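So this one's work.cif, mmCIF, C-alpha atoms and all ligand atoms:
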data_run
#
loop_
_atom_site.label_atom_id
_atom_site.label_comp_id
_atom_site.auth_asym_id
_atom_site.auth_seq_id
_atom_site.Cartn_x
_atom_site.Cartn_y
_atom_site.Cartn_z
CA MET A 158 -5.65 43.44 -84.74
CA LYS A 159 -3.57 43.98 -81.64
CA SER A 160 -5.53 44.39 -78.36
CA GLU A 161 -4.09 46.27 -75.28
CA ASP A 162 -3.81 43.27 -73.01
CA GLN A 163 -2.55 40.91 -75.59
CA VAL A 164 0.72 39.21 -74.58
CA PRO A 165 3.49 40.21 -76.97
CA ASN A 166 4.56 37.45 -79.27
CA LEU A 167 7.93 36.49 -77.85
CA GLN A 168 10.68 35.03 -79.95
CA THR A 169 12.12 31.68 -78.82
CA LYS A 170 15.41 33.56 -78.21
CA ASP A 171 13.64 35.95 -75.79
CA VAL A 172 11.91 33.08 -73.97
CA SER A 173 15.19 31.31 -73.39
CA SER A 174 16.84 34.54 -72.22
CA ILE A 175 13.97 35.16 -69.72
CA SER A 176 14.24 31.61 -68.55
CA GLU A 177 17.99 32.05 -68.07
CA GLN A 178 17.42 35.33 -66.16
CA ARG A 179 14.78 33.69 -63.96
CA TYR A 180 17.09 30.77 -63.31
CA GLN A 181 20.03 33.04 -62.47
CA ALA A 182 17.87 35.23 -60.20
CA PHE A 183 16.56 32.15 -58.42
CA ILE A 184 20.02 30.64 -57.91
CA GLN A 185 21.73 33.87 -56.93
CA ASN A 186 19.01 35.02 -54.52
CA SER A 187 18.70 31.71 -52.77
CA SER A 188 19.92 31.65 -49.15
CA GLU A 189 20.75 27.96 -49.64
CA GLY A 190 24.06 27.05 -51.21
CA ILE A 191 23.55 25.74 -54.74
CA TRP A 192 26.24 24.03 -56.77
CA CYS A 193 26.66 21.95 -59.84
CA LEU A 194 29.38 19.37 -60.36
CA GLU A 195 30.37 18.50 -63.88
CA LEU A 196 32.11 15.25 -64.69
CA GLU A 197 35.15 15.57 -66.93
CA VAL A 198 34.60 11.94 -67.85
CA PRO A 199 30.94 10.87 -67.47
CA ILE A 200 30.49 7.84 -65.22
CA ASP A 201 29.06 4.57 -66.46
CA ILE A 202 26.17 3.90 -64.08
CA LYS A 203 26.73 0.16 -64.42
CA ALA A 204 30.11 0.46 -62.67
CA SER A 205 30.30 -0.61 -59.02
CA PRO A 206 29.48 2.06 -56.40
CA GLU A 207 33.15 2.00 -55.23
CA GLU A 208 34.38 2.66 -58.79
CA GLN A 209 31.81 5.41 -59.30
CA ILE A 210 32.90 7.07 -56.03
CA ASN A 211 36.53 6.96 -57.16
CA CYS A 212 35.53 8.55 -60.49
CA LEU A 213 33.53 11.26 -58.68
CA TYR A 214 36.54 12.13 -56.56
CA ARG A 215 38.80 12.12 -59.61
CA ASP A 216 36.68 13.75 -62.31
CA ALA A 217 34.00 15.91 -60.68
CA TYR A 218 34.60 19.67 -60.50
CA VAL A 219 32.41 22.65 -59.67
CA ILE A 220 31.05 24.13 -62.86
CA GLU A 221 28.59 26.45 -61.21
CA CYS A 222 27.66 27.70 -57.76
CA ASN A 223 25.99 30.68 -56.11
CA ASP A 224 27.48 33.35 -53.84
CA ALA A 225 25.64 31.87 -50.84
CA LEU A 226 27.63 28.65 -51.18
CA ALA A 227 30.89 30.54 -51.73
CA ARG A 228 30.27 32.59 -48.54
CA MET A 229 29.40 29.45 -46.54
CA LEU A 230 32.79 28.04 -47.49
CA GLY A 231 34.61 31.26 -46.55
CA PHE A 232 35.13 32.65 -50.10
CA ASN A 233 34.14 36.13 -51.28
CA GLN A 234 32.83 35.21 -54.73
CA ARG A 235 31.47 32.20 -56.49
CA GLU A 236 34.23 32.45 -59.12
CA GLN A 237 36.71 31.31 -56.44
CA VAL A 238 34.83 28.05 -56.02
CA VAL A 239 34.12 27.36 -59.68
CA GLY A 240 36.70 24.93 -61.02
CA MET A 241 37.46 23.29 -57.63
CA ARG A 242 37.51 19.49 -57.44
CA MET A 243 34.78 17.79 -55.45
CA GLY A 244 37.50 16.15 -53.35
CA ASN A 245 38.73 19.58 -52.20
CA LEU A 246 35.35 20.53 -50.84
CA MET A 247 33.92 17.22 -49.69
CA PRO A 248 37.03 15.14 -48.97
CA ARG A 249 37.00 11.59 -47.70
CA LEU A 250 37.18 13.13 -44.22
CA SER A 251 34.88 10.72 -42.59
CA SER A 252 33.25 7.49 -43.58
CA GLY A 253 30.05 9.61 -43.55
CA ASN A 254 30.92 11.32 -46.85
CA VAL A 255 31.62 8.01 -48.60
CA ASP A 256 28.41 6.51 -47.12
CA LEU A 257 26.50 9.51 -48.45
CA LEU A 258 27.86 9.01 -51.97
CA GLN A 259 27.12 5.29 -51.80
CA GLU A 260 23.53 6.03 -50.86
CA PHE A 261 23.34 8.64 -53.64
CA ILE A 262 24.40 6.02 -56.21
CA ARG A 263 22.25 3.20 -54.80
CA SER A 264 19.12 5.33 -54.61
CA GLY A 265 19.22 6.25 -58.32
CA TYR A 266 21.32 9.43 -57.98
CA ARG A 267 18.99 11.33 -55.68
CA ILE A 268 19.24 11.93 -51.94
CA ASN A 269 17.59 14.45 -49.69
CA GLU A 270 18.48 16.10 -46.39
CA ARG A 271 21.69 14.25 -45.71
CA GLU A 272 24.64 15.46 -43.67
CA SER A 273 28.08 15.86 -45.18
CA GLN A 274 31.37 17.06 -43.78
CA GLU A 275 33.20 19.60 -45.89
CA LEU A 276 36.27 21.78 -45.72
CA SER A 277 36.10 25.57 -45.68
CA ARG A 278 38.66 27.84 -47.30
CA ASN A 279 40.56 27.86 -43.95
CA ALA A 280 40.50 24.05 -43.82
CA GLU A 281 37.91 24.09 -41.02
CA VAL A 282 35.58 21.10 -40.96
CA MET A 283 32.01 22.20 -41.60
CA VAL A 284 28.78 20.25 -41.51
CA PHE A 285 26.16 20.72 -44.22
CA LEU A 286 22.67 19.39 -44.66
CA GLY A 287 21.85 18.97 -48.31
CA SER A 288 20.36 17.17 -51.26
CA LEU A 289 21.98 15.85 -54.44
CA THR A 290 20.39 15.13 -57.81
CA GLY A 291 22.34 13.44 -60.60
CA VAL A 292 21.72 13.98 -64.30
CA VAL A 293 21.93 10.65 -66.14
CA GLN A 294 21.91 10.61 -69.97
CA ASP A 295 22.42 7.55 -72.16
CA GLY A 296 23.56 5.37 -69.27
CA VAL A 297 26.16 7.79 -67.93
CA LEU A 298 26.16 10.27 -65.04
CA CYS A 299 27.12 13.66 -66.50
CA ARG A 300 26.62 16.12 -63.68
CA VAL A 301 25.28 16.47 -60.16
CA TRP A 302 23.21 19.34 -58.76
CA GLY A 303 23.38 20.04 -55.06
CA VAL A 304 21.58 22.27 -52.58
CA LYS A 305 22.89 22.66 -49.07
CA ARG A 306 22.68 24.56 -45.80
CA ASP A 307 25.46 25.17 -43.27
CA ILE A 308 24.51 23.48 -39.98
CA THR A 309 27.99 23.59 -38.38
CA LYS A 310 26.91 25.94 -35.57
CA GLU A 311 23.75 23.92 -34.89
CA LYS A 312 25.83 20.74 -34.71
CA GLN A 313 28.39 22.35 -32.39
CA ALA A 314 25.59 23.68 -30.16
CA ASN A 315 24.03 20.21 -30.12
CA THR A 316 27.33 18.53 -29.23
CA LEU A 317 27.87 21.08 -26.46
CA ARG A 318 24.30 20.60 -25.25
CA GLU A 319 24.74 16.81 -25.17
CA ALA A 320 28.05 17.13 -23.31
CA LEU A 321 26.46 19.52 -20.80
CA LEU A 322 23.49 17.19 -20.32
CA ALA A 323 25.81 14.22 -19.79
CA SER A 324 27.90 16.17 -17.28
CA LEU A 325 24.73 17.39 -15.54
CA LYS A 326 23.49 13.81 -15.32
CA GLU A 327 26.84 12.67 -13.95
CA LYS A 328 26.89 15.52 -11.42
CA THR A 329 23.32 14.74 -10.30
CA GLN A 330 24.22 11.09 -9.81
CA GLU A 331 27.31 12.13 -7.88
CA MET A 332 25.26 14.48 -5.71
CA GLU A 333 22.71 11.73 -5.07
CA SER A 334 25.37 9.23 -4.06
CA LEU A 335 27.10 11.91 -1.99
CA LEU A 336 23.84 12.66 -0.18
CA TYR A 337 23.16 8.98 0.39
CA VAL A 338 26.66 8.24 1.61
CA THR A 339 26.77 11.36 3.76
CA SER A 340 23.46 10.76 5.45
CA HIS A 341 24.20 7.04 5.87
CA ASP A 342 27.80 7.34 7.11
CA LEU A 343 27.19 10.34 9.32
CA ARG A 344 24.18 8.64 10.91
CA THR A 345 26.20 5.77 12.39
CA PRO A 346 28.37 7.92 14.69
CA LEU A 347 25.37 10.11 15.46
CA VAL A 348 23.34 7.10 16.62
CA ASN A 349 26.32 6.09 18.79
CA ILE A 350 26.50 9.56 20.34
CA GLN A 351 22.74 9.49 21.05
CA GLY A 352 22.90 6.00 22.61
CA PHE A 353 25.92 6.65 24.81
CA SER A 354 24.66 10.07 25.88
CA GLN A 355 21.48 8.36 27.10
CA ARG A 356 23.62 5.87 29.00
CA MET A 357 25.55 8.75 30.54
CA GLU A 358 22.24 10.31 31.61
CA LYS A 359 21.21 6.99 33.16
CA ALA A 360 24.57 6.70 34.94
CA CYS A 361 24.15 10.22 36.37
CA SER A 362 20.63 9.49 37.63
CA ASP A 363 21.93 6.17 39.11
CA LEU A 364 24.57 8.19 40.94
CA VAL A 365 21.93 10.49 42.42
CA HIS A 366 19.80 7.51 43.54
CA ILE A 367 22.80 5.82 45.13
CA LEU A 368 23.90 8.99 46.93
CA GLU A 369 20.34 9.54 48.22
CA GLY A 370 19.51 5.98 49.27
CA GLU A 371 22.71 4.18 50.35
CA PRO A 372 23.55 4.70 54.03
CA ASP A 373 26.56 2.32 54.08
CA GLN A 374 29.66 4.42 53.26
CA ASP A 375 31.79 1.51 51.92
CA CYS A 376 29.03 0.21 49.72
CA LEU A 377 28.33 3.77 48.52
CA ARG A 378 32.00 4.29 47.57
CA GLU A 379 32.12 1.00 45.66
CA LYS A 380 28.97 1.76 43.66
CA ILE A 381 30.07 5.30 42.80
CA LEU A 382 33.52 4.11 41.76
CA ALA A 383 32.00 1.48 39.45
CA ILE A 384 29.97 4.15 37.68
CA ALA A 385 32.70 6.82 37.56
CA ASN A 386 35.55 4.47 36.66
CA GLU A 387 33.84 2.09 34.27
CA GLN A 388 30.45 3.07 32.89
CA MET A 389 31.12 6.77 32.35
CA PRO A 390 34.59 6.48 30.71
CA VAL A 391 33.29 3.77 28.36
CA CYS A 392 30.39 5.99 27.28
CA LEU A 393 32.65 9.04 26.90
CA ASN A 394 35.11 6.99 24.90
CA TYR A 395 32.40 5.92 22.44
CA ILE A 396 31.12 9.48 22.22
CA THR A 397 34.60 10.92 21.53
CA THR A 398 35.35 8.22 18.94
CA SER A 399 32.07 8.93 17.17
CA ILE A 400 32.71 12.68 17.22
CA ASN A 401 36.18 12.12 15.73
CA LYS A 402 34.66 9.89 13.06
CA MET A 403 32.09 12.58 12.19
CA ASP A 404 34.85 15.18 12.12
CA MET A 405 36.87 13.01 9.74
CA LEU A 406 33.85 12.42 7.47
CA ILE A 407 33.01 16.12 7.34
CA ALA A 408 36.66 17.00 6.62
CA ALA A 409 36.68 14.40 3.82
CA LEU A 410 33.47 15.85 2.36
CA LEU A 411 35.02 19.29 2.42
CA ARG A 412 38.11 18.02 0.58
CA ILE A 413 35.92 16.49 -2.10
CA SER A 414 33.74 19.56 -2.49
CA ARG A 415 36.80 21.86 -2.61
CA LEU A 416 38.23 19.76 -5.41
CA GLY A 417 35.22 20.50 -7.63
CA ARG A 418 35.59 24.24 -7.07
CA SER A 419 39.33 24.82 -7.52
CA ASP A 420 40.65 25.84 -10.95
CA LEU A 421 42.71 23.39 -12.99
CA ASN A 422 46.09 24.51 -14.22
CA PRO A 423 47.06 21.92 -16.87
CA VAL A 424 50.70 21.97 -17.97
CA LYS A 425 53.06 19.55 -19.72
CA LEU A 426 54.07 17.13 -16.97
CA ASP A 427 57.38 15.34 -16.71
CA MET A 428 55.89 12.21 -15.16
CA ASN A 429 59.23 10.66 -14.17
CA ARG A 430 59.92 13.75 -12.07
CA LEU A 431 56.42 13.74 -10.60
CA VAL A 432 56.58 10.03 -9.68
CA ALA A 433 60.05 10.52 -8.14
CA GLU A 434 58.57 13.26 -5.91
CA VAL A 435 55.70 10.97 -4.91
CA ILE A 436 58.10 8.15 -3.97
CA ARG A 437 60.37 10.56 -2.06
CA ALA A 438 57.40 11.81 -0.01
CA LEU A 439 56.45 8.22 0.93
CA LYS A 440 60.05 7.10 1.49
CA THR A 441 59.95 6.64 5.27
CA GLN A 442 56.95 4.32 5.09
CA ALA A 443 58.30 2.50 2.02
CA ASP A 444 61.75 1.96 3.59
CA GLN A 445 60.21 0.56 6.78
CA ASP A 446 58.30 -2.00 4.73
CA GLY A 447 61.27 -2.78 2.45
CA VAL A 448 59.35 -1.78 -0.67
CA VAL A 449 61.16 -2.13 -4.01
CA PHE A 450 60.19 0.39 -6.71
CA HIS A 451 60.66 -0.10 -10.47
CA VAL A 452 59.89 3.01 -12.48
CA ALA A 453 60.07 2.83 -16.29
CA LYS A 454 60.56 5.77 -18.63
CA LEU A 455 57.18 7.51 -18.58
CA PRO A 456 55.60 9.56 -21.38
CA ARG A 457 54.64 13.17 -20.72
CA CYS A 458 51.02 14.19 -20.29
CA LEU A 459 48.91 17.28 -19.77
CA GLY A 460 47.72 17.78 -16.22
CA ASP A 461 47.57 19.90 -13.11
CA ALA A 462 50.83 19.09 -11.28
CA SER A 463 49.44 19.14 -7.76
CA GLU A 464 46.30 17.16 -8.60
CA ILE A 465 48.11 14.48 -10.61
CA ASN A 466 50.65 14.24 -7.79
CA GLN A 467 47.70 13.62 -5.44
CA VAL A 468 46.42 10.78 -7.67
CA PHE A 469 49.77 8.98 -7.84
CA THR A 470 50.36 9.58 -4.12
CA ASN A 471 47.04 7.92 -3.32
CA LEU A 472 47.80 4.96 -5.61
CA VAL A 473 51.35 4.38 -4.33
CA ASP A 474 50.27 4.96 -0.72
CA ASN A 475 47.52 2.34 -1.13
CA ALA A 476 49.97 -0.09 -2.73
CA ILE A 477 52.16 0.25 0.39
CA LYS A 478 49.24 0.11 2.86
CA TYR A 479 47.45 -2.90 1.40
CA ARG A 480 50.53 -5.06 1.04
CA ASN A 481 50.57 -8.81 1.46
CA ILE A 482 52.71 -9.35 4.58
CA GLU A 483 53.71 -12.79 3.33
CA LYS A 484 55.30 -11.47 0.13
CA PRO A 485 57.95 -8.87 -0.67
CA LEU A 486 56.25 -5.75 -2.00
CA ILE A 487 57.33 -4.62 -5.47
CA ILE A 488 55.67 -1.53 -6.97
CA ARG A 489 56.08 -1.10 -10.73
CA ILE A 490 55.17 2.17 -12.42
CA THR A 491 55.06 2.06 -16.21
CA GLY A 492 53.57 4.14 -18.97
CA GLU A 493 53.05 4.12 -22.71
CA LEU A 494 51.51 6.19 -25.45
CA SER A 495 48.28 4.98 -26.99
CA GLY A 496 47.14 7.32 -29.78
CA THR A 497 46.61 10.72 -28.21
CA GLU A 498 46.63 9.28 -24.69
CA ALA A 499 49.38 8.53 -22.20
CA VAL A 500 48.42 5.45 -20.19
CA TYR A 501 50.18 4.83 -16.86
CA CYS A 502 50.04 1.75 -14.66
CA VAL A 503 50.78 1.42 -10.94
CA ALA A 504 51.13 -2.31 -10.25
CA ASP A 505 51.74 -3.90 -6.86
CA THR A 506 52.28 -7.39 -5.47
CA GLY A 507 49.87 -6.73 -2.58
CA CYS A 508 46.72 -8.49 -1.45
CA GLY A 509 44.65 -7.62 -4.54
CA ILE A 510 40.94 -6.89 -4.84
CA SER A 511 38.27 -9.38 -5.92
CA GLN A 512 36.10 -8.59 -8.94
CA GLU A 513 32.95 -7.85 -6.89
CA HIS A 514 34.68 -4.82 -5.30
CA HIS A 515 36.14 -3.36 -8.48
CA GLU A 516 33.33 -0.79 -8.90
CA LYS A 517 32.61 -0.18 -5.23
CA ILE A 518 36.13 0.88 -4.26
CA TRP A 519 35.62 4.19 -6.14
CA THR A 520 32.62 5.03 -3.95
CA MET A 521 33.11 7.56 -1.19
CA PHE A 522 33.98 6.08 2.22
CA TYR A 523 34.02 2.53 0.85
CA ARG A 524 36.66 0.26 2.39
CA LEU A 525 36.92 -3.46 1.71
CA ASN A 526 37.53 -4.03 5.38
CA PRO A 527 35.87 -1.23 7.37
CA ARG A 528 37.33 -2.54 10.65
CA SER A 529 40.84 -2.72 9.25
CA PRO A 530 43.56 -1.36 11.58
CA ILE A 531 45.15 0.21 8.47
CA ALA A 532 44.54 3.96 8.62
CA GLY A 533 42.21 5.28 5.94
CA GLU A 534 39.06 7.24 5.28
CA GLY A 535 37.90 5.50 2.12
CA ILE A 536 38.14 8.60 -0.06
CA GLY A 537 41.60 8.23 -1.66
CA LEU A 538 40.28 6.49 -4.77
CA THR A 539 37.16 8.68 -4.92
CA LEU A 540 39.42 11.74 -5.02
CA ALA A 541 41.70 10.10 -7.60
CA ARG A 542 38.76 9.31 -9.88
CA ARG A 543 37.35 12.84 -9.56
CA ILE A 544 40.70 14.40 -10.40
CA ILE A 545 41.12 12.21 -13.45
CA GLN A 546 37.56 12.91 -14.61
CA ARG A 547 38.25 16.64 -14.27
CA HIS A 548 41.16 16.06 -16.65
CA SER A 549 38.82 14.22 -19.07
CA GLY A 550 40.90 11.10 -18.49
CA ARG A 551 40.11 7.60 -17.28
CA ILE A 552 41.16 5.53 -14.28
CA TRP A 553 40.48 1.85 -13.82
CA LEU A 554 41.66 -1.28 -12.10
CA GLU A 555 42.64 -4.83 -12.98
CA SER A 556 43.13 -7.19 -10.06
CA LEU A 557 42.59 -10.62 -8.63
CA PRO A 558 42.78 -11.42 -4.92
CA GLY A 559 46.28 -12.57 -3.96
CA GLU A 560 47.75 -11.36 -7.24
CA GLY A 561 48.13 -7.66 -6.51
CA CYS A 562 46.50 -4.70 -8.22
CA ARG A 563 47.14 -2.82 -11.45
CA PHE A 564 45.68 0.69 -11.42
CA PHE A 565 45.64 2.38 -14.83
CA VAL A 566 45.45 6.13 -15.45
CA SER A 567 44.94 7.55 -18.90
CA LEU A 568 45.55 11.25 -19.61
CA THR A 569 46.07 13.40 -22.69
CA ALA A 570 49.59 12.83 -23.98
CA ALA A 571 51.80 15.92 -24.21
CA GLY A 572 54.45 14.93 -26.76
CA ALA A 573 58.18 14.74 -26.12
P1 LIG A 601 41.46 4.12 2.06
O1 LIG A 601 42.79 3.61 1.65
O2 LIG A 601 41.54 5.37 2.84
O3 LIG A 601 40.62 3.09 2.72
P2 LIG A 601 40.83 4.37 -0.77
O4 LIG A 601 39.68 5.05 -1.41
O5 LIG A 601 42.18 4.83 -1.15
O6 LIG A 601 40.61 4.53 0.79
O7 LIG A 601 40.72 2.82 -1.04
C1 LIG A 601 39.47 2.18 -0.85
C2 LIG A 601 39.68 0.72 -0.53
O8 LIG A 601 40.19 0.05 -1.66
C3 LIG A 601 40.71 0.50 0.57
O9 LIG A 601 40.10 0.57 1.84
C4 LIG A 601 41.22 -0.89 0.24
O10 LIG A 601 40.35 -1.85 0.79
C5 LIG A 601 41.10 -0.99 -1.27
N1 LIG A 601 42.39 -0.75 -1.94
C6 LIG A 601 42.82 0.40 -2.50
N2 LIG A 601 44.02 0.25 -3.07
C7 LIG A 601 44.39 -1.04 -2.88
C8 LIG A 601 45.53 -1.84 -3.25
N3 LIG A 601 46.55 -1.32 -3.93
N4 LIG A 601 45.54 -3.14 -2.88
C9 LIG A 601 44.50 -3.69 -2.21
N5 LIG A 601 43.40 -2.99 -1.83
C10 LIG A 601 43.33 -1.70 -2.15
#
Do you think you could lay out the structure here as structure tokens?
Ligand code: ADP
Amino acid sequence: MKSEDQVPNLQTKDVSSISEQRYQAFIQNSSEGIWCLELEVPIDIKASPEEQINCLYRDAYVIECNDALARMLGFNQREQVVGMRMGNLMPRLSSGNVDLLQEFIRSGYRINERESQELSRNAEVMVFLGSLTGVVQDGVLCRVWGVKRDITKEKQANTLREALLASLKEKTQEMESLLYVTSHDLRTPLVNIQGFSQRMEKACSDLVHILEGEPDQDCLREKILAIANEQMPVCLNYITTSINKMDMLIAALLRISRLGRSDLNPVKLDMNRLVAEVIRALKTQADQDGVVFHVAKLPRCLGDASEINQVFTNLVDNAIKYRNIEKPLIIRITGELSGTEAVYCVADTGCGISQEHHEKIWTMFYRLNPRSPIAGEGIGLTLARRIIQRHSGRIWLESLPGEGCRFFVSLTAAGA
């Protein structure tokens, strides 16, 4: 007898069709990308991981995938992905993909939540987070099921976030050192102005006392002259020098702060032309000192013409200023391509810089010899470094005392 709530007696054929429908509904409605790789030639699991990876790249193709995966890769329908080789989707782009496959093999053909780099339809590199499960039958790997999620945007946002954090950290450190240097260096002339102003006050009150209490005219004249001719001019001289120093420091600070605010206009730079302009501008000084220049053929780079000119002007100007008076000064400017970078070198035969100063010379207002008669504010190299950092380049120094300096500048190369 057949009751109302009795489950109908399903044929095996019906059960398998329901199961297939359920499976299709599950795969097609999933928001995760699902794919299955079939191996044209099943892989012997006893083969070495390297051999197995080669076989995967050669023989694995997509036999099945859902629309979600097709869309992630930039296709309209799953049929466009079916039949593609594994190597077309997950190429040996980075060592990461090969590492992932090695781990998949070593861990018994199952890995979870691992990153892979893949290529979209437009050949854009995408990052996925996914799992792989291999089907092994009779000692051979026949197919691999995969589930994955597109995390390209998350990764890009993370990279951007990290870059912003690093630049924020760098800016904070710069601000801190700027504050320290400013307060420290501006204090010295200020203390001088305070001290000598007090001495001026004292000299004025001495004058009043002398004028009130000294009846002898000759003696009075002598005492007043001593104060007016000696004490007061000395004090005023110190005060004026300190004010000039403060003025120079504030002007230097303004130059540095302006640099951070102006827009960069990077163009393809003919560096031989730029260096020729730099040398021409420093010609009078260089001729006086009998400087010999050797300029090699320089590669082109990308940069803001006026800022890069400023960098090379500072470097060549320093090479002339800090010459060794006992030796002829030769300045060599060379450059070469290194990968995507153009690396330039300004080398001199000057007095050189000992290792302990190699980091400090980039600091604002730092001079190896603060009492040097050679004119300078101690910001030329600070400016140079800032400009190069703004160009995402590098600047560094190699030098030994007595053996001259070699300043290197690395910028993005700009082709022929
Ligand atoms: P400034 O030249 O105004 O002092 P810089 O920032 O350009 O400031 O240089 C900082 C210090 O580094 C200089 O005072 C000098 O002592 C040292 N220096 C820079 N370039 C050279 C060089 N080519 N040879 C020797 N010393 C140098």
Checklist entry - Quick one: residues within 9 Å of ligand LIG 601 (chain A), with only C-alpha atoms and all ligand atoms, as a ChimeraX atom specification? => result /A:471-481,503-510,514-515,517-527,529,531-541,556,558,561-564
Centre and edges of the stretch 342-348 of chain A box, axis-aligned, 5 Å extra per side, as JSON:
{"center_x": 25.9, "center_y": 8.1, "center_z": 11.9, "size_x": 15.0, "size_y": 14.6, "size_z": 19.5}
Item to check | Close residues, A:Gln388 itself excluded, 12 Å, all atoms listed in the file, min 3 positions apart in chain, as JSON, numbers by chain | outcome: {"A": [353, 354, 355, 356, 357, 358, 359, 360, 361, 363, 364, 380, 381, 382, 383, 384, 385, 391, 392, 393, 394, 395]}
Checklist outcome for this item: Expressed in Å, the length from atom CA of A:Tyr337 to atom CA of A:Gly417 is 18.5 Å
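Of the listed residues A:Arg457, A:Arg412, A:Lys484, A:Arg179, the one whose atoms come nearest to A:Glu560 is A:Lys484, with distances taken using all atoms listed in the file.
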